[in-house]
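Colleague: Let me begin by handing over the structure; questions about it come next.
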Amino acid sequence: MSSTHLSLVLHTYRVLSRLATPLAPVLLARRLKRGKEVSDRLGERYGRSKLERPPGALVWLHGASVGELVSALPLIERIAAQGVNILVTSGTVTSAEMAGRRLPPGVIHQFVPLDAPLYMRRFLDRWRPDLALLVESDLWPNMVIETSQRGVPMILINGRMSEASFNRWQRLPRTIFNLLRRFDLCLAGTPTDALRLTELGAPRVVTTGNLKLDVPAPPADAAKLQALGDAIGNRPLIAAASTHPGEDAPMIEAHLRLRGNFPGLLTLIAPRHPERGEEIMNLAREAGLSAAQRSLGEPLTATTEIYVADTMGELGLIYRLAEAVFVGGSLVEHGGQNPIEPAKLGAAILHGPHVWNFADIYDALDGAHGAEHVEDANHLTAAFAALLASDETRKSVTTAARRTVDALGGALARTLQSLDPYLMHLMLRGRGDHA
C-alpha cells in the first residue's frame with residue numbers, strides 16, 4: 001500500500017518523523033543520561049545490530065515492555081521448541097534485562113528501533129522477518145506501515161483496546177482503519193476487545209483470551225527467598241506491589257493504624273519504578289517509622305517497619321511471603337497492574353478503583369470474592385485488618401482467586417492454534433533463500 005493511500009494524519013506523521021530523524025541522537029543522549037538506554041546497544045535504536053541474522057525462517061515478536069514480554073514467554077518457548085528462529089524486540093532497559101534472564105537459548109533480543117522510516121527500513125533489511133507478532137502493542141505507524149509494505153504477515157497478539165483508546169481512535173477513523181487493515185489477524189484478549197477492534201476496521205479478529213493468565217507464576221531465587229523469609233520470621237506481613245506515586249503514603253498510613261493491633265507488623269513496598277526507592281524511604285522517615293532500602297543492601301531487622309523493595313524481578317519473592325498484597329497502579333489513575341501473579345502465588349489481593357488495564361480479570365476476581373476493591377487509606381486499613389485477623393478469611397480469598405484465574409486460562413493454546421497455519425507454512429517452506 002503506497003503512502004498516497006494514507007490518511008492525512010499518517011502522512012503527516014511519516015513526514016514529521018522523517019524530518020525529525022536528525023534529532024534522534026539528541027533524544028537518545030537524553031534517554032541514556034536518565035538510564036533509559038544501554039550505551040553499547042544504542043545502534044539498535046537506529047536499526048543496526050552487532051548480531052547476524054540466523055539462516056532459515058525468522059519470526060519477529062515485539063513487546064513494548066516487561067509486561068508484554070512476560071506474557072509472551074510461554075508462546076516464545078513453544079515456537080522456539082518447533083525449531084523456528086525468533087527475534088524479540090522491546091523498548092525498555094528493564095525488558096532487555098528480563099529478556100537476558102528468561103528468553104530461551106538461541107532467541108535473539110534487540111531494542112526496537114525508533115519509529116522513523118529510515119531506522120525501521122534498516123531494521124527490516126537486516127533481519128528480514130517472515131512473520132511479525134506484535135504483543136498488546138501500541139500501533140507505531142512506521143513500524144506497521146514499513147512491515148506491511150514488505151509483505152510480511154502481521155498478527156496482533158493479546159490484542160487490547162481500552163475504552164479510552166477506542167474513544168480516541170473513533171475521532172480518527174481513517175487513521176486506525178489504515179493501520180488495522182494491514183494485519184492478517186488480530187487475536188483479542190476479550191470479546192470486548194474483539195468488538196472494538198472489529199468496529200475500528202480490523203479485517204479478521206479472533207478472541208483467544210489473555211495470555212497473562214497462562215504465564216507461570218514469577219520465579220523466586222531460592223536463596224533469596226530463604227534469607228528474606230528468615231529475616232521476616234513470624235511477623236505479620238502486608239505488602240504493596242508495583243506502586244505508583246500517590247499510593248505509598250496510603251500504605252504507610254495503613255501501617256501506622258494497624259501496628260497497634262498487630263504487634264511486629266512489617267509493611268513491604270515494591271515500587272513499579274525502582275528509582276522511586278529513596279522517595280518512599282523519605283515518606284517512611286517523615287512518618288517516624290524505621291525503614292530499610294533493599295537496593296542499598298540495608299538489612300531487614302526486627303525493628304524495621306517499612307521495607308522498600310526497590311529492586312527488579314523480585315515480585316515472586318513478595319507474593320510468596322506476604323499474607324495480603326495491595327496491587328498498585330489502581331488507587332491512582334494508571335489502570336492497574338497485573339493481579340494474576342499474586343493470585344497464583346496465594347497472596348490475598350486488594351486493589352483500587354482504577355483497573356481498566358485488567359478490567360475483565362478484576363471483575364471476575366471481585367465477583368468470586370477473590371479480591372477486594374478499596375477506595376482510600378481508610379478502606380485499605382480495614383481490608384488489611386480483616387485479612388490479618390483471620391486465617392480462614394484469607395484462605396477463602398486466596399482459594400477463590402486461584403480458582404478464578406485457572407478457569408480463565410487457555411489463551412496460550414488458542415493463540416498457538418491460530419498461529420499454527422502461519423508457523424507450519426514457514427517450516428514447510430524452509431526459507432532456504434535466507435541461508
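In the C-alpha cells, the first chain shown is A, the next is B, and so on; residue numbers restart at 1 for each chain, and ligands run from 1 in the order shown.
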What lies within 6 Å of stretch 327-339 of chain A using only C-alpha atoms, ignoring chain neighbours under 3 positions off, as a PyMOL selection string?
Modeller: chain A and resi 240-244+342+351-357
Colleague: Keeping only N, CA, C and O atoms, write the selected residues to a file as a JSON list (two decimals), in the first residue's frame.
Modeller:
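File written: out-v7.json
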[["chain", "number", "residue", "atom", "x", "y", "z"],
["A", 240, "ALA", "N", 2.70, -3.93, 49.35],
["A", 240, "ALA", "CA", 2.15, -3.18, 48.21],
["A", 240, "ALA", "C", 3.08, -3.42, 47.05],
["A", 240, "ALA", "O", 4.29, -3.18, 47.15],
["A", 241, "ALA", "N", 2.54, -3.90, 45.94],
["A", 241, "ALA", "CA", 3.35, -4.27, 44.78],
["A", 241, "ALA", "C", 3.10, -3.33, 43.62],
["A", 241, "ALA", "O", 1.97, -2.96, 43.34],
["A", 242, "SER", "N", 4.19, -2.95, 42.95],
["A", 242, "SER", "CA", 4.10, -2.11, 41.74],
["A", 242, "SER", "C", 3.37, -0.80, 42.01],
["A", 242, "SER", "O", 2.49, -0.41, 41.25],
["A", 243, "THR", "N", 3.75, -0.13, 43.09],
["A", 243, "THR", "CA", 3.08, 1.14, 43.43],
["A", 243, "THR", "C", 3.55, 2.27, 42.53],
["A", 243, "THR", "O", 4.66, 2.27, 42.02],
["A", 244, "HIS", "N", 2.66, 3.24, 42.39],
["A", 244, "HIS", "CA", 2.94, 4.47, 41.64],
["A", 244, "HIS", "C", 2.87, 5.65, 42.61],
["A", 244, "HIS", "O", 2.33, 5.53, 43.71],
["A", 342, "PRO", "N", -0.02, -12.52, 41.88],
["A", 342, "PRO", "CA", -0.31, -12.78, 43.30],
["A", 342, "PRO", "C", -1.41, -13.81, 43.48],
["A", 342, "PRO", "O", -1.39, -14.59, 44.45],
["A", 351, "HIS", "N", -7.12, -3.96, 45.74],
["A", 351, "HIS", "CA", -6.84, -3.08, 44.61],
["A", 351, "HIS", "C", -7.76, -1.87, 44.66],
["A", 351, "HIS", "O", -8.85, -1.91, 45.24],
["A", 352, "GLY", "N", -7.32, -0.79, 44.04],
["A", 352, "GLY", "CA", -8.13, 0.42, 43.96],
["A", 352, "GLY", "C", -9.14, 0.38, 42.82],
["A", 352, "GLY", "O", -9.31, -0.66, 42.16],
["A", 353, "PRO", "N", -9.82, 1.49, 42.56],
["A", 353, "PRO", "CA", -10.89, 1.52, 41.56],
["A", 353, "PRO", "C", -10.42, 1.62, 40.11],
["A", 353, "PRO", "O", -11.19, 1.31, 39.20],
["A", 354, "HIS", "N", -9.17, 2.01, 39.88],
["A", 354, "HIS", "CA", -8.71, 2.30, 38.51],
["A", 354, "HIS", "C", -7.96, 1.09, 37.94],
["A", 354, "HIS", "O", -6.73, 1.02, 37.98],
["A", 355, "VAL", "N", -8.69, 0.13, 37.40],
["A", 355, "VAL", "CA", -8.10, -1.14, 36.97],
["A", 355, "VAL", "C", -8.48, -1.49, 35.53],
["A", 355, "VAL", "O", -8.61, -2.66, 35.18],
["A", 356, "TRP", "N", -8.61, -0.48, 34.67],
["A", 356, "TRP", "CA", -9.11, -0.77, 33.32],
["A", 356, "TRP", "C", -8.12, -1.59, 32.49],
["A", 356, "TRP", "O", -8.53, -2.23, 31.53],
["A", 357, "ASN", "N", -6.83, -1.60, 32.85],
["A", 357, "ASN", "CA", -5.89, -2.44, 32.10],
["A", 357, "ASN", "C", -6.20, -3.92, 32.22],
["A", 357, "ASN", "O", -5.85, -4.71, 31.33]]
Colleague: Show which residues sit within 10 Å of A:Thr381, as a count of residues only. Count only C-alpha atoms, and ignore same-chain residues fewer than 6 positions away.
Modeller: 10
Colleague: Could you give me the residues within stretch 236-422 of chain A that DSSP places in helix (DSSP H, G or I), as a PyMOL selection string?
Modeller: chain A and resi 248-258+274-286+294-296+315-321+340-344+356-367+377-389+391-407+411-422
Colleague: Which one of A:Asp130, A:Thr404, A:Ala116, A:Leu32 sits closest to A:Thr92 if you count only C-alpha atoms?
Modeller: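 Going through A:Asp130, A:Thr404, A:Ala116, A:Leu32 one by one, the smallest distance to A:Thr92 is for A:Leu32.
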Colleague: From the set A:Arg30, A:His373, A:Arg14, A:Lys344, which residue has the shortest atom-to-atom contact distance to A:Leu213, counting only C-alpha atoms?
Modeller: A:Lys344
Colleague: Go through A:Leu237, A:Val88, A:Leu408, A:Ala227 and flag the residue nearest A:Gly189, using only C-alpha atoms for the distances.
Modeller: A:Leu408
Colleague: When DSSP works through the backbone of this structure, what residues of stretch 147-387 of chain A end up as strand (DSSP E), shown as an mmCIF file with all heavy atoms, in the first residue's frame?
Modeller:
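Below is the file that was written, part.cif:
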data_model
loop_
_atom_site.group_PDB
_atom_site.id
_atom_site.type_symbol
_atom_site.label_atom_id
_atom_site.label_comp_id
_atom_site.auth_asym_id
_atom_site.auth_seq_id
_atom_site.Cartn_x
_atom_site.Cartn_y
_atom_site.Cartn_z
ATOM 1 N N MET A 154 1.450 -9.788 9.454
ATOM 2 C CA MET A 154 1.470 -9.239 10.812
ATOM 3 C C MET A 154 0.257 -9.739 11.583
ATOM 4 O O MET A 154 -0.867 -9.729 11.066
ATOM 5 C CB MET A 154 1.452 -7.707 10.788
ATOM 6 C CG MET A 154 2.750 -7.073 10.387
ATOM 7 S SD MET A 154 2.721 -5.270 10.649
ATOM 8 C CE MET A 154 1.421 -4.793 9.531
ATOM 9 N N ILE A 155 0.511 -10.144 12.821
ATOM 10 C CA ILE A 155 -0.559 -10.625 13.696
ATOM 11 C C ILE A 155 -0.467 -9.897 15.026
ATOM 12 O O ILE A 155 0.605 -9.823 15.634
ATOM 13 C CB ILE A 155 -0.461 -12.152 13.914
ATOM 14 C CG1 ILE A 155 -0.566 -12.883 12.565
ATOM 15 C CG2 ILE A 155 -1.547 -12.630 14.865
ATOM 16 C CD1 ILE A 155 -0.375 -14.379 12.672
ATOM 17 N N LEU A 156 -1.581 -9.352 15.457
ATOM 18 C CA LEU A 156 -1.661 -8.730 16.779
ATOM 19 C C LEU A 156 -1.979 -9.816 17.794
ATOM 20 O O LEU A 156 -2.966 -10.543 17.646
ATOM 21 C CB LEU A 156 -2.748 -7.651 16.794
ATOM 22 C CG LEU A 156 -2.903 -6.855 18.086
ATOM 23 C CD1 LEU A 156 -1.656 -6.047 18.394
ATOM 24 C CD2 LEU A 156 -4.123 -5.925 17.993
ATOM 25 N N ILE A 157 -1.134 -9.946 18.808
ATOM 26 C CA ILE A 157 -1.273 -10.984 19.839
ATOM 27 C C ILE A 157 -1.750 -10.340 21.135
ATOM 28 O O ILE A 157 -1.271 -9.279 21.518
ATOM 29 C CB ILE A 157 0.082 -11.679 20.094
ATOM 30 C CG1 ILE A 157 0.643 -12.275 18.798
ATOM 31 C CG2 ILE A 157 -0.043 -12.723 21.185
ATOM 32 C CD1 ILE A 157 -0.057 -13.489 18.309
ATOM 33 N N ASN A 158 -2.687 -11.014 21.823
ATOM 34 C CA ASN A 158 -3.170 -10.485 23.101
ATOM 35 C C ASN A 158 -3.716 -9.070 22.924
ATOM 36 O O ASN A 158 -3.522 -8.192 23.775
ATOM 37 C CB ASN A 158 -2.035 -10.469 24.130
ATOM 38 C CG ASN A 158 -2.454 -11.062 25.465
ATOM 39 O OD1 ASN A 158 -3.234 -12.003 25.502
ATOM 40 N ND2 ASN A 158 -1.939 -10.527 26.552
ATOM 41 N N GLY A 159 -4.390 -8.840 21.805
ATOM 42 C CA GLY A 159 -4.830 -7.502 21.447
ATOM 43 C C GLY A 159 -5.759 -6.881 22.472
ATOM 44 O O GLY A 159 -6.694 -7.522 22.949
ATOM 45 N N LEU A 185 -4.277 -10.823 10.980
ATOM 46 C CA LEU A 185 -5.101 -11.416 12.031
ATOM 47 C C LEU A 185 -4.897 -10.627 13.317
ATOM 48 O O LEU A 185 -3.777 -10.213 13.624
ATOM 49 C CB LEU A 185 -4.671 -12.883 12.239
ATOM 50 C CG LEU A 185 -5.375 -13.732 13.285
ATOM 51 C CD1 LEU A 185 -6.857 -13.874 12.961
ATOM 52 C CD2 LEU A 185 -4.714 -15.104 13.373
ATOM 53 N N CYS A 186 -5.975 -10.403 14.039
ATOM 54 C CA CYS A 186 -5.904 -9.785 15.366
ATOM 55 C C CYS A 186 -6.469 -10.770 16.376
ATOM 56 O O CYS A 186 -7.645 -11.159 16.287
ATOM 57 C CB CYS A 186 -6.699 -8.481 15.414
ATOM 58 S SG CYS A 186 -5.983 -7.134 14.454
ATOM 59 N N LEU A 187 -5.641 -11.190 17.319
ATOM 60 C CA LEU A 187 -6.062 -12.108 18.380
ATOM 61 C C LEU A 187 -6.362 -11.276 19.619
ATOM 62 O O LEU A 187 -5.452 -10.711 20.231
ATOM 63 C CB LEU A 187 -4.969 -13.141 18.659
ATOM 64 C CG LEU A 187 -4.528 -13.965 17.442
ATOM 65 C CD1 LEU A 187 -3.460 -14.977 17.847
ATOM 66 C CD2 LEU A 187 -5.714 -14.664 16.790
ATOM 67 N N ALA A 188 -7.632 -11.173 19.969
ATOM 68 C CA ALA A 188 -8.078 -10.258 21.021
ATOM 69 C C ALA A 188 -8.113 -10.948 22.374
ATOM 70 O O ALA A 188 -8.410 -12.138 22.479
ATOM 71 C CB ALA A 188 -9.457 -9.705 20.672
ATOM 72 N N VAL A 205 -10.696 -10.888 13.172
ATOM 73 C CA VAL A 205 -10.466 -10.840 14.622
ATOM 74 C C VAL A 205 -10.943 -12.136 15.253
ATOM 75 O O VAL A 205 -12.047 -12.618 14.952
ATOM 76 C CB VAL A 205 -11.191 -9.642 15.270
ATOM 77 C CG1 VAL A 205 -10.894 -9.582 16.770
ATOM 78 C CG2 VAL A 205 -10.783 -8.336 14.602
ATOM 79 N N VAL A 206 -10.122 -12.694 16.138
ATOM 80 C CA VAL A 206 -10.474 -13.904 16.880
ATOM 81 C C VAL A 206 -10.219 -13.633 18.360
ATOM 82 O O VAL A 206 -9.181 -13.075 18.720
ATOM 83 C CB VAL A 206 -9.629 -15.115 16.428
ATOM 84 C CG1 VAL A 206 -9.956 -16.351 17.268
ATOM 85 C CG2 VAL A 206 -9.846 -15.397 14.946
ATOM 86 N N THR A 207 -11.156 -14.005 19.227
ATOM 87 C CA THR A 207 -10.956 -13.865 20.667
ATOM 88 C C THR A 207 -10.248 -15.099 21.192
ATOM 89 O O THR A 207 -10.798 -16.200 21.159
ATOM 90 C CB THR A 207 -12.298 -13.680 21.401
ATOM 91 O OG1 THR A 207 -12.980 -12.544 20.863
ATOM 92 C CG2 THR A 207 -12.075 -13.466 22.889
ATOM 93 N N LEU A 237 2.871 -9.746 57.914
ATOM 94 C CA LEU A 237 3.446 -9.034 56.773
ATOM 95 C C LEU A 237 2.358 -8.647 55.773
ATOM 96 O O LEU A 237 1.579 -9.492 55.339
ATOM 97 C CB LEU A 237 4.485 -9.920 56.071
ATOM 98 C CG LEU A 237 5.044 -9.404 54.741
ATOM 99 C CD1 LEU A 237 5.862 -8.139 54.951
ATOM 100 C CD2 LEU A 237 5.895 -10.486 54.067
ATOM 101 N N ILE A 238 2.317 -7.368 55.426
ATOM 102 C CA ILE A 238 1.484 -6.895 54.331
ATOM 103 C C ILE A 238 2.395 -6.241 53.297
ATOM 104 O O ILE A 238 3.519 -5.854 53.620
ATOM 105 C CB ILE A 238 0.386 -5.914 54.778
ATOM 106 C CG1 ILE A 238 0.999 -4.673 55.443
ATOM 107 C CG2 ILE A 238 -0.603 -6.612 55.701
ATOM 108 C CD1 ILE A 238 -0.034 -3.601 55.797
ATOM 109 N N ALA A 239 1.921 -6.145 52.071
ATOM 110 C CA ALA A 239 2.783 -5.621 51.016
ATOM 111 C C ALA A 239 1.983 -4.783 50.030
ATOM 112 O O ALA A 239 0.756 -4.924 49.909
ATOM 113 C CB ALA A 239 3.477 -6.775 50.282
ATOM 114 N N ALA A 240 2.696 -3.926 49.350
ATOM 115 C CA ALA A 240 2.154 -3.177 48.215
ATOM 116 C C ALA A 240 3.081 -3.418 47.046
ATOM 117 O O ALA A 240 4.286 -3.183 47.147
ATOM 118 C CB ALA A 240 2.058 -1.689 48.533
ATOM 119 N N ALA A 241 2.539 -3.904 45.936
ATOM 120 C CA ALA A 241 3.351 -4.273 44.783
ATOM 121 C C ALA A 241 3.104 -3.326 43.620
ATOM 122 O O ALA A 241 1.969 -2.955 43.341
ATOM 123 C CB ALA A 241 3.039 -5.711 44.355
ATOM 124 N N SER A 242 4.186 -2.954 42.950
ATOM 125 C CA SER A 242 4.104 -2.114 41.745
ATOM 126 C C SER A 242 3.369 -0.805 42.014
ATOM 127 O O SER A 242 2.487 -0.412 41.253
ATOM 128 C CB SER A 242 3.426 -2.883 40.608
ATOM 129 O OG SER A 242 4.135 -4.054 40.287
ATOM 130 N N THR A 243 3.753 -0.130 43.091
ATOM 131 C CA THR A 243 3.084 1.135 43.429
ATOM 132 C C THR A 243 3.549 2.267 42.532
ATOM 133 O O THR A 243 4.661 2.271 42.018
ATOM 134 C CB THR A 243 3.343 1.533 44.889
ATOM 135 O OG1 THR A 243 4.754 1.732 45.080
ATOM 136 C CG2 THR A 243 2.830 0.474 45.843
ATOM 137 N N LEU A 266 5.111 -5.751 59.715
ATOM 138 C CA LEU A 266 6.072 -5.307 58.709
ATOM 139 C C LEU A 266 5.314 -4.997 57.414
ATOM 140 O O LEU A 266 4.498 -5.800 56.959
ATOM 141 C CB LEU A 266 7.113 -6.400 58.445
ATOM 142 C CG LEU A 266 8.109 -6.147 57.303
ATOM 143 C CD1 LEU A 266 8.999 -4.947 57.611
ATOM 144 C CD2 LEU A 266 8.951 -7.400 57.035
ATOM 145 N N THR A 267 5.596 -3.846 56.845
ATOM 146 C CA THR A 267 4.998 -3.468 55.561
ATOM 147 C C THR A 267 6.097 -3.385 54.513
ATOM 148 O O THR A 267 7.078 -2.668 54.677
ATOM 149 C CB THR A 267 4.264 -2.121 55.670
ATOM 150 O OG1 THR A 267 3.147 -2.276 56.539
ATOM 151 C CG2 THR A 267 3.769 -1.666 54.300
ATOM 152 N N LEU A 268 5.907 -4.131 53.440
ATOM 153 C CA LEU A 268 6.872 -4.179 52.352
ATOM 154 C C LEU A 268 6.292 -3.425 51.154
ATOM 155 O O LEU A 268 5.164 -3.700 50.740
ATOM 156 C CB LEU A 268 7.142 -5.640 51.990
ATOM 157 C CG LEU A 268 8.327 -5.966 51.083
ATOM 158 C CD1 LEU A 268 8.792 -7.389 51.340
ATOM 159 C CD2 LEU A 268 7.950 -5.803 49.622
ATOM 160 N N ILE A 269 7.034 -2.476 50.614
ATOM 161 C CA ILE A 269 6.567 -1.674 49.477
ATOM 162 C C ILE A 269 7.527 -1.851 48.316
ATOM 163 O O ILE A 269 8.723 -1.568 48.437
ATOM 164 C CB ILE A 269 6.443 -0.185 49.849
ATOM 165 C CG1 ILE A 269 5.448 0.004 51.006
ATOM 166 C CG2 ILE A 269 5.991 0.627 48.629
ATOM 167 C CD1 ILE A 269 5.318 1.437 51.480
ATOM 168 N N ALA A 270 6.993 -2.320 47.191
ATOM 169 C CA ALA A 270 7.793 -2.513 45.972
ATOM 170 C C ALA A 270 7.292 -1.548 44.904
ATOM 171 O O ALA A 270 6.233 -1.771 44.320
ATOM 172 C CB ALA A 270 7.677 -3.951 45.481
ATOM 173 N N PRO A 271 8.006 -0.456 44.646
ATOM 174 C CA PRO A 271 7.547 0.500 43.638
ATOM 175 C C PRO A 271 7.639 -0.076 42.233
ATOM 176 O O PRO A 271 8.521 -0.889 41.942
ATOM 177 C CB PRO A 271 8.503 1.685 43.814
ATOM 178 C CG PRO A 271 9.752 1.076 44.376
ATOM 179 C CD PRO A 271 9.291 -0.063 45.247
ATOM 180 N N ALA A 291 12.859 2.363 58.544
ATOM 181 C CA ALA A 291 12.748 1.834 57.185
ATOM 182 C C ALA A 291 14.106 1.354 56.688
ATOM 183 O O ALA A 291 15.148 1.828 57.124
ATOM 184 C CB ALA A 291 12.192 2.898 56.242
ATOM 185 N N ALA A 292 14.084 0.400 55.762
ATOM 186 C CA ALA A 292 15.300 -0.114 55.137
ATOM 187 C C ALA A 292 15.067 -0.223 53.636
ATOM 188 O O ALA A 292 13.950 -0.495 53.186
ATOM 189 C CB ALA A 292 15.664 -1.473 55.711
ATOM 190 N N GLN A 293 16.128 -0.018 52.876
ATOM 191 C CA GLN A 293 16.048 0.024 51.414
ATOM 192 C C GLN A 293 16.816 -1.161 50.842
ATOM 193 O O GLN A 293 18.032 -1.269 50.976
ATOM 194 C CB GLN A 293 16.612 1.352 50.908
ATOM 195 C CG GLN A 293 16.322 1.646 49.453
ATOM 196 C CD GLN A 293 16.692 3.082 49.086
ATOM 197 O OE1 GLN A 293 17.007 3.900 49.961
ATOM 198 N NE2 GLN A 293 16.653 3.395 47.802
ATOM 199 N N ILE A 306 9.080 -0.505 57.734
ATOM 200 C CA ILE A 306 8.823 -0.369 56.295
ATOM 201 C C ILE A 306 10.050 -0.868 55.545
ATOM 202 O O ILE A 306 11.152 -0.367 55.753
ATOM 203 C CB ILE A 306 8.547 1.099 55.894
ATOM 204 C CG1 ILE A 306 7.377 1.689 56.701
ATOM 205 C CG2 ILE A 306 8.261 1.193 54.391
ATOM 206 C CD1 ILE A 306 6.019 1.065 56.415
ATOM 207 N N TYR A 307 9.850 -1.862 54.693
ATOM 208 C CA TYR A 307 10.951 -2.400 53.899
ATOM 209 C C TYR A 307 10.673 -2.063 52.435
ATOM 210 O O TYR A 307 9.676 -2.509 51.852
ATOM 211 C CB TYR A 307 11.049 -3.911 54.084
ATOM 212 C CG TYR A 307 12.305 -4.529 53.490
ATOM 213 C CD1 TYR A 307 13.566 -4.077 53.844
ATOM 214 C CD2 TYR A 307 12.206 -5.584 52.579
ATOM 215 C CE1 TYR A 307 14.706 -4.651 53.307
ATOM 216 C CE2 TYR A 307 13.350 -6.172 52.049
ATOM 217 C CZ TYR A 307 14.590 -5.701 52.410
ATOM 218 O OH TYR A 307 15.729 -6.266 51.885
ATOM 219 N N VAL A 308 11.535 -1.240 51.843
ATOM 220 C CA VAL A 308 11.346 -0.774 50.470
ATOM 221 C C VAL A 308 12.100 -1.709 49.530
ATOM 222 O O VAL A 308 13.332 -1.703 49.485
ATOM 223 C CB VAL A 308 11.827 0.679 50.302
ATOM 224 C CG1 VAL A 308 11.606 1.138 48.859
ATOM 225 C CG2 VAL A 308 11.086 1.598 51.278
ATOM 226 N N ALA A 324 -1.094 -10.594 52.523
ATOM 227 C CA ALA A 324 -2.043 -9.784 51.758
ATOM 228 C C ALA A 324 -1.263 -8.722 50.996
ATOM 229 O O ALA A 324 -0.302 -8.156 51.514
ATOM 230 C CB ALA A 324 -3.066 -9.136 52.693
ATOM 231 N N VAL A 325 -1.681 -8.459 49.753
ATOM 232 C CA VAL A 325 -0.951 -7.541 48.882
ATOM 233 C C VAL A 325 -1.913 -6.545 48.237
ATOM 234 O O VAL A 325 -2.943 -6.939 47.672
ATOM 235 C CB VAL A 325 -0.218 -8.307 47.760
ATOM 236 C CG1 VAL A 325 0.438 -7.329 46.778
ATOM 237 C CG2 VAL A 325 0.838 -9.239 48.335
ATOM 238 N N PHE A 326 -1.565 -5.268 48.348
ATOM 239 C CA PHE A 326 -2.244 -4.255 47.544
ATOM 240 C C PHE A 326 -1.522 -4.176 46.207
ATOM 241 O O PHE A 326 -0.305 -3.977 46.164
ATOM 242 C CB PHE A 326 -2.206 -2.900 48.241
ATOM 243 C CG PHE A 326 -2.560 -1.757 47.325
ATOM 244 C CD1 PHE A 326 -3.869 -1.557 46.921
ATOM 245 C CD2 PHE A 326 -1.573 -0.914 46.832
ATOM 246 C CE1 PHE A 326 -4.189 -0.524 46.041
ATOM 247 C CE2 PHE A 326 -1.870 0.124 45.967
ATOM 248 C CZ PHE A 326 -3.193 0.310 45.568
ATOM 249 N N VAL A 327 -2.253 -4.359 45.107
ATOM 250 C CA VAL A 327 -1.665 -4.300 43.772
ATOM 251 C C VAL A 327 -1.823 -2.880 43.233
ATOM 252 O O VAL A 327 -2.934 -2.368 43.104
ATOM 253 C CB VAL A 327 -2.315 -5.325 42.831
ATOM 254 C CG1 VAL A 327 -1.685 -5.247 41.440
ATOM 255 C CG2 VAL A 327 -2.162 -6.743 43.390
ATOM 256 N N ALA A 348 -3.480 -12.720 49.213
ATOM 257 C CA ALA A 348 -4.803 -12.098 49.136
ATOM 258 C C ALA A 348 -4.661 -10.709 48.514
ATOM 259 O O ALA A 348 -3.775 -9.941 48.891
ATOM 260 C CB ALA A 348 -5.421 -12.004 50.524
ATOM 261 N N ILE A 349 -5.537 -10.385 47.565
ATOM 262 C CA ILE A 349 -5.365 -9.200 46.727
ATOM 263 C C ILE A 349 -6.321 -8.084 47.123
ATOM 264 O O ILE A 349 -7.529 -8.290 47.253
ATOM 265 C CB ILE A 349 -5.600 -9.562 45.245
ATOM 266 C CG1 ILE A 349 -4.562 -10.587 44.771
ATOM 267 C CG2 ILE A 349 -5.562 -8.316 44.361
ATOM 268 C CD1 ILE A 349 -4.913 -11.218 43.445
ATOM 269 N N LEU A 350 -5.762 -6.880 47.267
ATOM 270 C CA LEU A 350 -6.539 -5.650 47.386
ATOM 271 C C LEU A 350 -6.168 -4.765 46.205
ATOM 272 O O LEU A 350 -5.035 -4.790 45.730
ATOM 273 C CB LEU A 350 -6.217 -4.922 48.695
ATOM 274 C CG LEU A 350 -6.363 -5.722 49.992
ATOM 275 C CD1 LEU A 350 -5.962 -4.865 51.184
ATOM 276 C CD2 LEU A 350 -7.790 -6.219 50.156
ATOM 277 N N HIS A 351 -7.117 -3.959 45.744
ATOM 278 C CA HIS A 351 -6.843 -3.075 44.609
ATOM 279 C C HIS A 351 -7.757 -1.867 44.661
ATOM 280 O O HIS A 351 -8.849 -1.914 45.239
ATOM 281 C CB HIS A 351 -7.042 -3.817 43.285
ATOM 282 C CG HIS A 351 -8.466 -4.228 43.038
ATOM 283 N ND1 HIS A 351 -9.386 -3.407 42.426
ATOM 284 C CD2 HIS A 351 -9.131 -5.369 43.362
ATOM 285 C CE1 HIS A 351 -10.558 -4.033 42.363
ATOM 286 N NE2 HIS A 351 -10.431 -5.215 42.920
ATOM 287 N N ALA A 371 -10.734 -11.091 45.402
ATOM 288 C CA ALA A 371 -10.005 -9.832 45.559
ATOM 289 C C ALA A 371 -10.978 -8.827 46.145
ATOM 290 O O ALA A 371 -12.197 -9.036 46.105
ATOM 291 C CB ALA A 371 -9.463 -9.334 44.222
ATOM 292 N N GLU A 372 -10.441 -7.741 46.708
ATOM 293 C CA GLU A 372 -11.310 -6.711 47.289
ATOM 294 C C GLU A 372 -10.933 -5.335 46.781
ATOM 295 O O GLU A 372 -9.757 -4.975 46.737
ATOM 296 C CB GLU A 372 -11.240 -6.729 48.816
ATOM 297 C CG GLU A 372 -12.223 -5.752 49.450
ATOM 298 C CD GLU A 372 -12.330 -5.884 50.952
ATOM 299 O OE1 GLU A 372 -11.770 -6.854 51.505
ATOM 300 O OE2 GLU A 372 -12.967 -5.014 51.583
ATOM 301 N N HIS A 373 -11.942 -4.587 46.412
ATOM 302 C CA HIS A 373 -11.815 -3.221 45.899
ATOM 303 C C HIS A 373 -11.764 -2.261 47.093
ATOM 304 O O HIS A 373 -12.645 -2.281 47.955
ATOM 305 C CB HIS A 373 -13.041 -2.964 45.009
ATOM 306 C CG HIS A 373 -13.180 -1.569 44.506
ATOM 307 N ND1 HIS A 373 -13.946 -1.271 43.401
ATOM 308 C CD2 HIS A 373 -12.685 -0.385 44.919
ATOM 309 C CE1 HIS A 373 -13.914 0.025 43.182
ATOM 310 N NE2 HIS A 373 -13.156 0.578 44.104
#
Colleague: When you draw a straight line from atom CA of A:Val405 to atom CA of A:Glu97, how long is it in Å?
Modeller: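 Between these atoms lies a distance of 27.5 Å.
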Colleague: Find the distance between atom CA of A:Arg182 and atom CA of A:Ser165 and write it in Å to one decimal.
Modeller: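 Taking atom CA of A:Arg182 as the start and atom CA of A:Ser165 as the end point, the length is 18.9 Å.
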Colleague: Within 10 Å of A:Val135, counting only C-alpha atoms, which residues qualify if same-chain residues fewer than 2 places away don't, as a list in words?
Modeller: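 Within the cut-off, the hits are Leu61, His62, Gly63, Ala64, Ser65, Gly67, Glu68, Leu69, Ser71, Ala72, Ala132, Leu133, Ser137, Asp138, Ile155, Leu156, Ile157, Asn158, Gly159, Arg160, Leu187 and Leu211 of chain A.
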